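Worksheet: one structure, shown below.
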Amino acid sequence: MNNHVVSIIQKDQLIRLMLKGERLDGRKPEETREISIETGIIDKAEGSARVEIGDTKIVAGVKIQPGTPFPDTPDVGVIITSMELIPLASPEFESGPPRENAIELARVTDRGVRESGAIDLKKLCIKEGEQVWMVFIDIHVLDDGGNIMDAASLGAIAALMTAKIPGERYGIGEDMPLPMRDIPVSVTAVDIGGGIVFDPSMEEERVADCKLTVISNQEGAIAGMQKSGNGSLTVDQINHIVEVSCKKAQEIREKFLEI
Amino acid sequence: MSDRPEKFIDENGLRLDGRKLDQIRDVKIEVGVLARADGSCYLEFGKNKVIAAVYGPREVHPRHQQKSTRAIVRYKYNMASFSVEDRKRPGPDRRSTEVSKVSREALEDQVFTEYFPKSAIDIFVEVLQADAGTRTAALNAASVALADAGIPMRGLVSACAFGKVDDTLVVDLNKDEDNYGQADVPIAMTPDGKITLLQMDGHLTPEELKTGLEMAQEGCRQVYEVQRQALMDHYAKMQDETKAPSVEEVVIAEENEVSEDVSTPPEEMKEKVVDESGEEEPEVEKALPEEEDEETVEEPDTEEDDSYE
């Protein structure tokens with residue numbers, strides 16, 4: 001996060017604002033940017049969603065096809081999440097295979113979906129040990145305006161909720177919706193000079209000391225967390241972020257993701 | 001996968017491996033086990049066996065990564081193909097890339113990188129045997145290896161996980177608890193209690209997180225004591241073995257040399273001895289003992305222990 005050239009003046013300004021409880025774009029510390037979600041935008045994909053959080057834009061696509069299960073889990077389906085930070089989205093991104101940032105974002109998104117049990121993977125088993133449905137979640141970042149993490153996670157879950165298993169195409173039963181059990185939502189906060197702000201913009205993300213993503217589920221429990229960046233957090237800061245994140249996640253879920 | 005234990009905690013409140021809920025596995029640390037590295041550490045955390053090496057501060061390759069105001073820290077976590085039950089395909093994968101990233105971020109702020117502009121501090125950790133909690137074991141070893149390399153740090157980083165099994169919070173998960181448990185939360189902490197690594201997957205309520213963090217912090221404190229003791233023992237022993245002469249002894253030796261042998265200029269001698277003893281002073285742990293530790297004298301040379309070879 002700190003490897004970008006940030007003008008020292010801007011960092012100074014952000015911290016000074018922070019001390020007054022203000023932010024560059026006029027938001028309050030806990031205020032998130034406007035979110036818009038549009039699903040079913042790619043006909044060829046089994047599920048898709050376009051998510052915008054402020055300036056940040058991502059497209060998530062879900063492809064589902066039959067494949068062989070992993071030998072240690074012969075009776076459950078497979079989820080594979082990948083993310084590409086393509087050069088189209090930011091002058092900071094370069095082409096080539098995913099690097100650690102993209103890998104981390106993809107893995108945290110994956111954990112959110114997997115560990116919350118959002119998909120009933122047992123129901124994706126076609127024939128034990130031989131054939132299961134494989135769910136590929138691919139996230140393309142189109143514009144990095146900060147907080148790609150939450151956008152990606154939101155995109156993944158929105159796309160999954162609208163996804164259909166293409167049974168007819170492969171001659172394996174009828175088309176049916178993915179067996180969803182939960183709706184995990186990720187909410188991220190950053191620490192800027194000791195102050196916590198939620199849903200960081202690109203500028204805030206760049207000057208931040210560190211970042212904490214909290215993924216919570218429908219019942220308000222935590223399904224995943226990831227601290228990212230060099231700095232450290234106190235236990236009080238962590239508990240504060242968890243509390244606010246769970247609340248925000250519930251708001252987002254009610255507004256956009258009710259089944 | 002059907003080996004899931006029926007119960008993780010027995011009627012006496014003990015876990016499958018006989019530990020109490022808040023008891024960490026035994027930690028064993030040996031400092032300075034590799035001759036080539038600037039700092040190194042072999043560590044066992046329960047059945048985990050890891051070895052860490054630190055190189056640097058040294059020149060940055062490739063050069064474009066170099067930073068003009070500070071050192072860069074690089075961390076490579078690697079699992080040996082034989083460290084797990086089913087052979088792991090060698091080389092980096094997505095998991096080890098992520099582990100390396102968060103581990104580096106857990107350590108970097110503790111290092112005074114601003115002291116070494118345009119240089120690199122490389123940390124390599126090899127997991128020789130994995131048994132749940134390798135990233136915390138690796139971090140603990142890396143932190144000690146950094147100290148052994150004499151790299152100035154704000155404090156040692158200590159790591160320990162907590163998790164949930166049978167709806168009960170436990171500290172430092174073992175393999176079964178990790179595989180079949182309800183949550184796994186590795187954390188790393190500085191001596192003053194700040195969290196520098198925090199990951200979580202599974203299912204926890206915010207209240208459980210609060211309690212669990214406290215438990216894991218206590219675990220980290222216990223690990224910290226072992227790390228600190230290992231460093232102190234190592235340097236006490238080294239001091240004893242090399243019998244670094246005191247300043248008074250140097251002066252006396254110098255005087256004798258002058259009368260017997262004039263081929264070595266006394267000034268140079270003095271500098272050399274002071275230099276050598278200076279190198280042995282660890283820069284991190286200010287409280288390292290000057291007094292001799294009798295126990296360590298009798299211990300066999302750590303480098304001959306073949307358990308990590």
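We name chains A, B, ... following the order of the structure tokens; residues begin at 1 in each chain, and ligands are numbered from 1 as shown.
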Report task. Among the residues of stretch 27-218 of chain A, find those DSSP assigns to helix (DSSP H, G or I) from the backbone and print them as a ChimeraX atom specification. Result -> /A:87-89,100-115,121-124,148-162,202-207
Query raised in the report: Can you list, as a list of chain:residue names, every protein, DNA or RNA residue that comes within 6 Å of stretch 233-247 of chain A when you count only C-alpha atoms, leaving out same-chain residues fewer than 2 positions away?
Result: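 Final neighbour list, sorted by chain and number: A:Val187, A:Ser216, A:Gly220, A:Ala249, A:Gln250, B:Lys194, B:Ile195.
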Query - Counting only C-alpha atoms, the option among A:Asp143, A:Glu130, A:Glu219, A:Glu84 closest to chain B - result: A:Glu219
Requested in this report: Measuring atom to atom with only C-alpha atoms, identify which of A:Pro97, A:Pro66, A:Pro91, A:Pro200 is nearest to chain B.
Outcome: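 Among the listed residues, A:Pro97 lies closest to chain B.
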Query raised in the report: Given a cut-off of 8 Å, which residues of chain B touch chain A, counting only C-alpha atoms, written out as a PyMOL selection string?
Result: chain B and resi 1+94+97-98+101-102+104-109+193-206+210+213
Report task. Would you work out the distance separating atom CA of B:Gly163 from atom CA of B:Ala183, expressed in Å to one decimal? Result ->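 For atom CA of B:Gly163 relative to atom CA of B:Ala183, the distance reads 4.9 Å.
The space separating atom CA of A:Ser153 from atom CA of A:Val113 comes to 8.2 Å.
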Would you please give, as a PDB file with N, CA, C and O atoms, in the first residue's frame, all residues of stretch 73-154 of chain B that DSSP assigns to strand (DSSP E or B) based on the backbone?
```
ATOM      1  N   VAL B  73      11.851  -5.044   2.710  1.00  0.00           N
ATOM      2  CA  VAL B  73      11.846  -6.328   3.402  1.00  0.00           C
ATOM      3  C   VAL B  73      11.146  -7.329   2.486  1.00  0.00           C
ATOM      4  O   VAL B  73      10.082  -7.031   1.939  1.00  0.00           O
ATOM      5  N   ARG B  74      11.772  -8.465   2.287  1.00  0.00           N
ATOM      6  CA  ARG B  74      11.144  -9.509   1.461  1.00  0.00           C
ATOM      7  C   ARG B  74      11.023 -10.779   2.295  1.00  0.00           C
ATOM      8  O   ARG B  74      11.913 -11.089   3.086  1.00  0.00           O
ATOM      9  N   TYR B  75       9.911 -11.461   2.126  1.00  0.00           N
ATOM     10  CA  TYR B  75       9.622 -12.626   2.960  1.00  0.00           C
ATOM     11  C   TYR B  75       9.164 -13.751   2.058  1.00  0.00           C
ATOM     12  O   TYR B  75       8.231 -13.572   1.263  1.00  0.00           O
ATOM     13  N   LYS B  76       9.832 -14.867   2.118  1.00  0.00           N
ATOM     14  CA  LYS B  76       9.422 -16.020   1.305  1.00  0.00           C
ATOM     15  C   LYS B  76       9.097 -17.192   2.219  1.00  0.00           C
ATOM     16  O   LYS B  76       9.979 -17.738   2.885  1.00  0.00           O
ATOM     17  N   TYR B  77       7.824 -17.530   2.226  1.00  0.00           N
ATOM     18  CA  TYR B  77       7.368 -18.685   2.985  1.00  0.00           C
ATOM     19  C   TYR B  77       7.286 -19.843   2.002  1.00  0.00           C
ATOM     20  O   TYR B  77       6.671 -19.704   0.943  1.00  0.00           O
ATOM     21  N   ASN B  78       7.925 -20.940   2.312  1.00  0.00           N
ATOM     22  CA  ASN B  78       7.907 -22.059   1.374  1.00  0.00           C
ATOM     23  C   ASN B  78       7.702 -23.367   2.123  1.00  0.00           C
ATOM     24  O   ASN B  78       8.314 -23.600   3.156  1.00  0.00           O
ATOM     25  N   MET B  79       6.821 -24.186   1.585  1.00  0.00           N
ATOM     26  CA  MET B  79       6.580 -25.480   2.213  1.00  0.00           C
ATOM     27  C   MET B  79       7.323 -26.557   1.453  1.00  0.00           C
ATOM     28  O   MET B  79       7.223 -26.649   0.225  1.00  0.00           O
ATOM     29  N   VAL B 111      10.796  -3.396  11.875  1.00  0.00           N
ATOM     30  CA  VAL B 111      12.203  -3.242  11.500  1.00  0.00           C
ATOM     31  C   VAL B 111      12.486  -1.761  11.246  1.00  0.00           C
ATOM     32  O   VAL B 111      11.680  -1.074  10.620  1.00  0.00           O
ATOM     33  N   SER B 119      18.742  -0.842   0.431  1.00  0.00           N
ATOM     34  CA  SER B 119      19.166  -2.219   0.648  1.00  0.00           C
ATOM     35  C   SER B 119      17.948  -3.134   0.838  1.00  0.00           C
ATOM     36  O   SER B 119      16.823  -2.667   0.935  1.00  0.00           O
ATOM     37  N   ALA B 120      18.227  -4.424   0.869  1.00  0.00           N
ATOM     38  CA  ALA B 120      17.158  -5.407   1.017  1.00  0.00           C
ATOM     39  C   ALA B 120      17.428  -6.279   2.231  1.00  0.00           C
ATOM     40  O   ALA B 120      18.574  -6.634   2.516  1.00  0.00           O
ATOM     41  N   ILE B 121      16.370  -6.582   2.957  1.00  0.00           N
ATOM     42  CA  ILE B 121      16.471  -7.557   4.034  1.00  0.00           C
ATOM     43  C   ILE B 121      15.606  -8.736   3.608  1.00  0.00           C
ATOM     44  O   ILE B 121      14.395  -8.591   3.436  1.00  0.00           O
ATOM     45  N   ASP B 122      16.250  -9.849   3.363  1.00  0.00           N
ATOM     46  CA  ASP B 122      15.531 -11.014   2.843  1.00  0.00           C
ATOM     47  C   ASP B 122      15.311 -12.037   3.942  1.00  0.00           C
ATOM     48  O   ASP B 122      16.245 -12.428   4.634  1.00  0.00           O
ATOM     49  N   ILE B 123      14.071 -12.470   4.056  1.00  0.00           N
ATOM     50  CA  ILE B 123      13.730 -13.482   5.056  1.00  0.00           C
ATOM     51  C   ILE B 123      13.211 -14.712   4.307  1.00  0.00           C
ATOM     52  O   ILE B 123      12.304 -14.587   3.481  1.00  0.00           O
ATOM     53  N   PHE B 124      13.800 -15.838   4.568  1.00  0.00           N
ATOM     54  CA  PHE B 124      13.332 -17.079   3.944  1.00  0.00           C
ATOM     55  C   PHE B 124      12.921 -18.047   5.030  1.00  0.00           C
ATOM     56  O   PHE B 124      13.690 -18.299   5.958  1.00  0.00           O
ATOM     57  N   VAL B 125      11.716 -18.569   4.926  1.00  0.00           N
ATOM     58  CA  VAL B 125      11.283 -19.554   5.909  1.00  0.00           C
ATOM     59  C   VAL B 125      10.871 -20.819   5.186  1.00  0.00           C
ATOM     60  O   VAL B 125      10.091 -20.794   4.235  1.00  0.00           O
ATOM     61  N   GLU B 126      11.423 -21.914   5.629  1.00  0.00           N
ATOM     62  CA  GLU B 126      11.156 -23.200   5.017  1.00  0.00           C
ATOM     63  C   GLU B 126      10.358 -24.033   6.019  1.00  0.00           C
ATOM     64  O   GLU B 126      10.791 -24.206   7.161  1.00  0.00           O
ATOM     65  N   VAL B 127       9.192 -24.511   5.606  1.00  0.00           N
ATOM     66  CA  VAL B 127       8.411 -25.377   6.490  1.00  0.00           C
ATOM     67  C   VAL B 127       8.838 -26.811   6.203  1.00  0.00           C
ATOM     68  O   VAL B 127       8.634 -27.317   5.109  1.00  0.00           O
ATOM     69  N   LEU B 128       9.460 -27.457   7.183  1.00  0.00           N
ATOM     70  CA  LEU B 128       9.951 -28.818   6.973  1.00  0.00           C
ATOM     71  C   LEU B 128       8.895 -29.842   7.334  1.00  0.00           C
ATOM     72  O   LEU B 128       8.803 -30.912   6.747  1.00  0.00           O
ATOM     73  N   GLN B 129       8.105 -29.499   8.342  1.00  0.00           N
ATOM     74  CA  GLN B 129       6.998 -30.380   8.724  1.00  0.00           C
ATOM     75  C   GLN B 129       5.833 -29.506   9.135  1.00  0.00           C
ATOM     76  O   GLN B 129       5.995 -28.581   9.928  1.00  0.00           O
ATOM     77  N   MET B 153      15.366  -3.642  15.579  1.00  0.00           N
ATOM     78  CA  MET B 153      13.902  -3.760  15.519  1.00  0.00           C
ATOM     79  C   MET B 153      13.261  -3.061  16.699  1.00  0.00           C
ATOM     80  O   MET B 153      13.873  -2.910  17.748  1.00  0.00           O
TER      81      MET B 153
END
```
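One finds atom CA of B:Ser81 at 22.9 Å from atom CA of B:Lys28.
Around B:Gly212, within 7 Å and counting only C-alpha atoms, the residues found are Phe162, Leu169, Glu208, Leu209, Met215 and Ala216 of chain B, once anything fewer than 3 positions away on its own chain is removed.
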Report task. Give me the residues within 9 Å of A:Ala159 as a list in words, counting only C-alpha atoms and dropping any in the same chain fewer than 2 places off. Result ->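 Listing them by chain and then by number gives Thr39, Gly40, Glu46, Gly47, Ser48, Ala49, Arg50, Ala60, Gly61, Val62, Ile137, Leu154, Gly155, Ala156, Ile157, Met161, Thr162 and Ala163 of chain A.
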Report task. Write out as a VMD selection string the residues lying within 10 Å of B:Arg19, counting only C-alpha atoms and excluding same-chain residues fewer than 4 positions away. Result -> chain B and resid 9 13 to 15 23 to 25 170 to 171
